[in-house]
Amino acid sequence: MSEGTVMMIRYVLFISCQIFCAVFFVATGDGMALEEAKYTVIMREGSFELRQYEPHIVAETMVKGDYDKAGNEGFRRLFKYISGENQKKQSIAMTAPVSQDAGPEKIAMTAPVSQEQTGGQWRIAFVMPSEYTLDTLPQPVDPKVLLKQVPARRMAAITYSGSWSKARYEEHKALLEAFIQKQKLSPLGEPVLARYNSPFTLWFLRRNEVLIPVQAPDDDRK
């Protein structure tokens with residue numbers, strides 16, 4: 001068998017594998033609509049948006065390390081929490097006998113998974129489904145996982161496809177910062193990388209975003 005034929009077979013197998021992965025994850029949920037943090041689009045210009053986010057709850061964890069290592073470690077830690085590594089809290093009626101169900105509870109996956117640098121660490125966060133409150137969410141077993149209420153806030157965003165590489169993140173962060181300056185907005189926090197798809201999604205089908213909390217010149221909120 002010639003070298004050219006071998007290369008062609010390898011190429012066909014590679015493409016077939018990619019198509020299979022895409023079909024598989026559409027069928028198993030990656031291609032299905034996930035609940036997202038709710039927001040209203042105030043303004044849109046090409047791939048840029050100015051959004052008003054509603055209050056929501058996140059499960060978050062802080063991770064030391066470089067961009068890629070921190071993202072992977074934080075994702076695994078939070079995924080364990082929503083997959084059942086938690087302590088279910090349940091109200092107990094005043095009857096006899098007194099008992100308490102403290103088993104694990106699975107929490108639906110939502111989008112996006114966010115990553116932002118804070119000091120020398122990375123903050124990785126999952127948005128919790130809107131059906132939960134801080135009182136009804138099961139408490140994490142891992143002390144490194146915390147539940148937090150995020151207040152309403154205004155965010156500037158840029159959407160792009162492709163890889164999650166740091167270079168792609170830095171490129172679009174710079175574009176978003178230029179957009180913010182052009183719109184005469186004031187940044188109020190660190191940039192956030194938002195990932196909406198699983199690692200198995202074909203790179204050109206991924207939806208990625210960089211978001212930065214901002215304040216408009218005429219915004220009288222404190």
# chains A, B, ... in the order shown; residues from 1 in each chain; ligands from 1
>>> residues_around(residues="Pro143 (chain A)", least_positions_apart="4", cutoff="12 Å", atoms="only C-alpha atoms", output="list in words")
Ala59, Glu60, Thr61, Met62, Arg77, Leu78, Tyr81, Glu85, Asn86, Gln87, Gln139 and Leu147 of chain A
>>> write_last_selection(atoms="C-alpha atoms", output="PDB file, in the first residue's frame")
ATOM      1  CA  ALA A  59     -20.673  27.714  42.311  1.00  0.00           C
ATOM      2  CA  GLU A  60     -17.091  28.955  42.194  1.00  0.00           C
ATOM      3  CA  THR A  61     -13.588  27.856  43.071  1.00  0.00           C
ATOM      4  CA  MET A  62     -10.186  29.555  43.127  1.00  0.00           C
ATOM      5  CA  ARG A  77     -13.699  20.407  40.787  1.00  0.00           C
ATOM      6  CA  LEU A  78     -17.021  22.099  39.972  1.00  0.00           C
ATOM      7  CA  TYR A  81     -19.996  19.144  42.771  1.00  0.00           C
ATOM      8  CA  GLU A  85     -20.222  15.441  45.371  1.00  0.00           C
ATOM      9  CA  ASN A  86     -22.436  17.505  47.641  1.00  0.00           C
ATOM     10  CA  GLN A  87     -24.421  17.264  50.865  1.00  0.00           C
ATOM     11  CA  GLN A 139     -23.837  22.317  50.072  1.00  0.00           C
ATOM     12  CA  LEU A 147     -21.823  29.130  46.486  1.00  0.00           C
TER      13      LEU A 147
END
>>> select_by_dssp(residues="region 21-214 of chain A", states="alpha helix (DSSP H)", output="ChimeraX atom specification")
/A:21-28,67-82,166-182
>>> closest_residue(among="A:Leu202, A:Leu193, A:Ala178, A:Val210", to="Gly162 (chain A)", atoms="only C-alpha atoms")
A:Leu202
>>> closest_residue(among="A:Ala174, A:Leu146, A:Leu205, A:Met109", to="Pro129 (chain A)", atoms="only C-alpha atoms")
A:Met109
>>> residues_around(residues="Met128 (chain A)", least_positions_apart="4", cutoff="7 Å", atoms="only C-alpha atoms", output="number ranges by chain")
A: 57-59, 110
>>> residues_around(residues="Leu188 (chain A)", least_positions_apart="4", cutoff="7 Å", atoms="only C-alpha atoms", output="PyMOL selection string")
chain A and resi 213-215
>>> atom_distance(atom1="CA of Ser114 (chain A)", atom2="CA of Asp218 (chain A)")
28.3 Å
>>> residues_around(residues="Pro55 (chain A)", least_positions_apart="3", cutoff="6 Å", atoms="only C-alpha atoms", output="JSON list (two decimals) with N, CA and C atoms, in the first residue's frame")
[["chain", "number", "residue", "atom", "x", "y", "z"],
["A", 150, "VAL", "N", -24.54, 36.43, 42.76],
["A", 150, "VAL", "CA", -23.96, 37.49, 41.93],
["A", 150, "VAL", "C", -25.05, 38.53, 41.68],
["A", 151, "PRO", "N", -24.82, 39.79, 42.02],
["A", 151, "PRO", "CA", -25.86, 40.81, 41.83],
["A", 151, "PRO", "C", -26.04, 41.16, 40.36],
["A", 152, "ALA", "N", -27.12, 41.88, 40.06],
["A", 152, "ALA", "CA", -27.33, 42.37, 38.70],
["A", 152, "ALA", "C", -26.16, 43.26, 38.30]]
>>> residues_around(residues="Tyr196 (chain A)", least_positions_apart="2", cutoff="9 Å", atoms="only C-alpha atoms", output="list in words")
Leu34, Thr110, Ala111, Pro112, Val113, Ser114, Ala194, Ser198, Arg206, Arg207, Asn208 and Glu209 of chain A
>>> write_last_selection(atoms="C-alpha atoms", output="PDB file, in the first residue's frame")
ATOM      1  CA  LEU A  34     -28.613  24.753  28.139  1.00  0.00           C
ATOM      2  CA  THR A 110     -25.746  25.274  32.629  1.00  0.00           C
ATOM      3  CA  ALA A 111     -23.759  27.703  30.477  1.00  0.00           C
ATOM      4  CA  PRO A 112     -21.353  29.337  30.432  1.00  0.00           C
ATOM      5  CA  VAL A 113     -18.371  28.109  32.438  1.00  0.00           C
ATOM      6  CA  SER A 114     -16.483  31.293  33.319  1.00  0.00           C
ATOM      7  CA  ALA A 194     -17.042  32.369  29.075  1.00  0.00           C
ATOM      8  CA  SER A 198     -17.849  20.858  26.043  1.00  0.00           C
ATOM      9  CA  ARG A 206     -17.783  26.510  19.790  1.00  0.00           C
ATOM     10  CA  ARG A 207     -19.263  29.672  21.234  1.00  0.00           C
ATOM     11  CA  ASN A 208     -16.816  31.614  23.357  1.00  0.00           C
ATOM     12  CA  GLU A 209     -17.064  35.076  24.893  1.00  0.00           C
TER      13      GLU A 209
END
>>> closest_residue(among="A:Met43, A:Leu134, A:Val145, A:Ile180", to="Val63 (chain A)", atoms="only C-alpha atoms")
A:Val145
>>> select_by_dssp(residues="region 122-175 of chain A", states="strand (DSSP E or B)", output="number ranges by chain")
A: 122-127, 139-140, 146-150, 153-160
>>> closest_residue(among="A:Arg153, A:Lys88, A:His172, A:Lys148", to="Lys38 (chain A)", atoms="only C-alpha atoms")
A:Arg153
